[in-house]
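Q: Just start_18.cif, nothing more (mmCIF, C-alpha atoms):
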data_final
#
loop_
_atom_site.label_atom_id
_atom_site.label_comp_id
_atom_site.auth_asym_id
_atom_site.auth_seq_id
_atom_site.Cartn_x
_atom_site.Cartn_y
_atom_site.Cartn_z
CA MET U 1 9.99 45.90 -18.91
CA THR U 2 10.00 45.24 -15.19
CA PHE U 3 7.33 43.81 -12.97
CA THR U 4 6.56 45.47 -9.72
CA LEU U 5 4.28 43.76 -7.26
CA THR U 6 2.83 45.28 -4.18
CA PRO U 7 2.81 43.19 -1.02
CA LEU U 8 -0.96 42.84 -1.36
CA GLU U 9 -0.66 41.45 -4.91
CA LEU U 10 2.10 39.07 -3.84
CA CYS U 11 -0.01 37.83 -0.90
CA ALA U 12 -3.05 37.38 -3.17
CA GLY U 13 -0.99 35.43 -5.71
CA LEU U 14 0.44 33.13 -3.02
CA SER U 15 -3.05 32.60 -1.62
CA VAL U 16 -4.34 31.53 -5.03
CA VAL U 17 -1.41 29.12 -5.48
CA LEU U 18 -1.99 27.68 -2.00
CA ALA U 19 -5.71 27.29 -2.65
CA LEU U 20 -5.04 25.47 -5.95
CA PHE U 21 -2.56 23.17 -4.23
CA LEU U 22 -5.06 22.30 -1.48
CA VAL U 23 -7.81 21.59 -4.02
CA TRP U 24 -5.43 19.40 -6.04
CA ARG U 25 -4.31 17.55 -2.90
CA SER U 26 -7.90 16.93 -1.80
CA GLY U 27 -8.81 15.59 -5.24
CA SER U 28 -5.78 13.34 -5.20
CA ARG U 29 -6.78 11.84 -1.85
CA LYS U 30 -10.34 11.27 -3.01
CA ALA U 31 -9.10 9.60 -6.20
CA LYS U 32 -6.80 7.30 -4.22
CA ALA U 33 -9.62 6.39 -1.84
CA ALA U 34 -11.98 5.65 -4.75
CA ALA U 35 -9.33 3.51 -6.47
CA GLU U 36 -8.67 1.53 -3.29
CA LYS U 37 -12.41 0.96 -2.80
CA ALA U 38 -12.71 -0.27 -6.39
CA ARG U 39 -9.76 -2.63 -5.93
CA LYS U 40 -11.28 -4.10 -2.78
CA GLY U 41 -14.58 -4.65 -4.57
CA ALA U 42 -12.84 -6.28 -7.52
CA ARG U 43 -10.85 -8.56 -5.21
CA LEU U 44 -14.01 -9.62 -3.41
CA LEU U 45 -15.83 -10.21 -6.69
CA SER U 46 -12.88 -12.16 -8.06
CA LEU U 47 -12.65 -14.28 -4.92
CA THR U 48 -16.40 -14.91 -4.96
CA GLY U 49 -16.25 -15.98 -8.60
CA ARG U 50 -13.38 -18.38 -7.96
CA VAL U 51 -15.13 -19.88 -4.93
CA LEU U 52 -18.34 -20.39 -6.90
CA ALA U 53 -16.46 -21.92 -9.84
CA MET U 54 -14.59 -24.38 -7.62
CA ALA U 55 -17.80 -25.26 -5.77
CA GLY U 56 -19.41 -25.97 -9.14
CA VAL U 57 -16.52 -28.23 -10.15
CA ILE U 58 -16.67 -30.13 -6.87
CA VAL U 59 -20.45 -30.55 -7.07
CA GLY U 60 -20.18 -31.68 -10.70
CA VAL U 61 -17.59 -34.33 -9.91
CA GLN U 62 -19.60 -35.53 -6.93
CA TRP U 63 -22.77 -35.69 -9.00
CA LEU U 64 -21.01 -37.70 -11.72
CA ALA U 65 -19.54 -40.13 -9.19
CA ILE U 66 -22.85 -40.67 -7.42
CA THR U 67 -24.89 -40.96 -10.61
CA TYR U 68 -22.69 -43.23 -12.71
CA LYS U 69 -20.59 -45.20 -10.22
CA ALA U 70 -21.98 -46.53 -6.95
CA ASP U 71 -18.66 -47.88 -5.58
CA THR U 72 -18.43 -47.23 -1.82
CA VAL U 73 -14.73 -46.32 -1.78
CA LEU U 74 -15.18 -43.90 -4.67
CA LEU U 75 -18.14 -42.27 -2.95
CA LEU U 76 -16.15 -41.85 0.28
CA VAL U 77 -13.25 -40.26 -1.59
CA VAL U 78 -15.42 -38.01 -3.76
CA LEU U 79 -17.54 -36.83 -0.84
CA GLY U 80 -14.95 -36.95 1.95
CA LEU U 81 -11.94 -35.27 0.34
CA PRO U 82 -13.65 -31.92 -0.39
CA ALA U 83 -15.19 -32.05 3.09
CA LEU U 84 -11.73 -32.46 4.63
CA PHE U 85 -10.29 -29.54 2.65
CA SER U 86 -13.19 -27.25 3.49
CA ALA U 87 -13.14 -28.27 7.17
CA TYR U 88 -9.40 -27.53 7.35
CA THR U 89 -9.83 -24.15 5.66
CA LEU U 90 -12.77 -23.13 7.83
CA THR U 91 -11.04 -24.27 11.01
CA ARG U 92 -7.94 -22.22 10.19
CA ALA U 93 -10.03 -19.20 9.23
CA LEU U 94 -12.20 -19.29 12.34
CA THR U 95 -9.57 -20.23 14.92
CA VAL U 96 -8.68 -17.35 17.19
CA THR U 97 -5.00 -17.17 17.97
CA THR U 98 -3.41 -14.98 20.59
CA VAL U 99 0.08 -13.65 20.79
CA ASP U 100 1.48 -13.85 24.28
CA SER U 101 3.75 -10.92 24.93
CA ARG U 102 6.85 -11.42 26.97
CA SER U 103 6.58 -10.15 30.47
CA ARG U 104 8.48 -7.05 31.43
CA LYS U 105 11.10 -7.08 34.15
CA GLY U 106 9.42 -7.31 37.50
CA ASP U 107 6.22 -8.93 36.14
CA ARG U 108 5.92 -12.55 37.13
#
Can you give me the file's structure in the form of structure tokens?

A:
Amino acid sequence: MTFTLTPLELCAGLSVVLALFLVWRSGSRKAKAAAEKARKGARLLSLTGRVLAMAGVIVGVQWLAITYKADTVLLLVVLGLPALFSAYTLTRALTVTTVDSRSRKGDR
């Protein structure tokens, strides 16, 4: 039993294989894009949850210190230390830094 294919049949078969490959490749790209979008959303949600949890801990400790102990030094530490950390973090996040490129020969 031998198979004989005409050039038209061979071209049609290759076209079908090429079309299937392109469809598969397109689906693969869409799946990767959807997975990356989901990961970004999960990271943002995770970060938001951690920020809210830490804010709750800080507020709880501050509330306890203010409510049950009116010592001035303790109040300054409990209120000032988180303020220092958040000010440092915000300053670093919002500071614009530039990278000075070296001048080329002839530029002065």

Q: Please, what distance in Å, to one decimal, runs between atom CA of Leu94 of chain U and atom CA of Val51 of chain U?

A: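 Distance reported for this atom pair: 17.5 Å.
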
Q: How big is the axis-aligned box around all listed atoms of segment 46-64 of chain U once 8 Å goes on each side, and where's its centre, in Å to one decimal, as lines of an AutoDock Vina configuration file?

A:
center_x = -17.7
center_y = -24.9
center_z = -8.3
size_x = 26.1
size_y = 41.5
size_z = 22.8

Q: Quick one: which residues end up in the PyMOL selection byres ((chain U and resi 76-84) around 10) for this structure, as a list in words?

A: Ala55, Ile58, Val59, Val61, Gln62, Trp63, Leu64, Ala65, Ile66, Asp71, Thr72, Val73, Leu74, Leu75, Phe85, Ser86, Ala87, Tyr88, Thr89 and Leu90 of chain U

Q: Write out, as a CSV table (one decimal), in the frame of the given file, the residues just selected, with C-alpha atoms.

A:
chain,number,residue,atom,x,y,z
U,55,ALA,CA,-17.8,-25.3,-5.8
U,58,ILE,CA,-16.7,-30.1,-6.9
U,59,VAL,CA,-20.4,-30.6,-7.1
U,61,VAL,CA,-17.6,-34.3,-9.9
U,62,GLN,CA,-19.6,-35.5,-6.9
U,63,TRP,CA,-22.8,-35.7,-9.0
U,64,LEU,CA,-21.0,-37.7,-11.7
U,65,ALA,CA,-19.5,-40.1,-9.2
U,66,ILE,CA,-22.8,-40.7,-7.4
U,71,ASP,CA,-18.7,-47.9,-5.6
U,72,THR,CA,-18.4,-47.2,-1.8
U,73,VAL,CA,-14.7,-46.3,-1.8
U,74,LEU,CA,-15.2,-43.9,-4.7
U,75,LEU,CA,-18.1,-42.3,-3.0
U,85,PHE,CA,-10.3,-29.5,2.6
U,86,SER,CA,-13.2,-27.2,3.5
U,87,ALA,CA,-13.1,-28.3,7.2
U,88,TYR,CA,-9.4,-27.5,7.4
U,89,THR,CA,-9.8,-24.2,5.7
U,90,LEU,CA,-12.8,-23.1,7.8
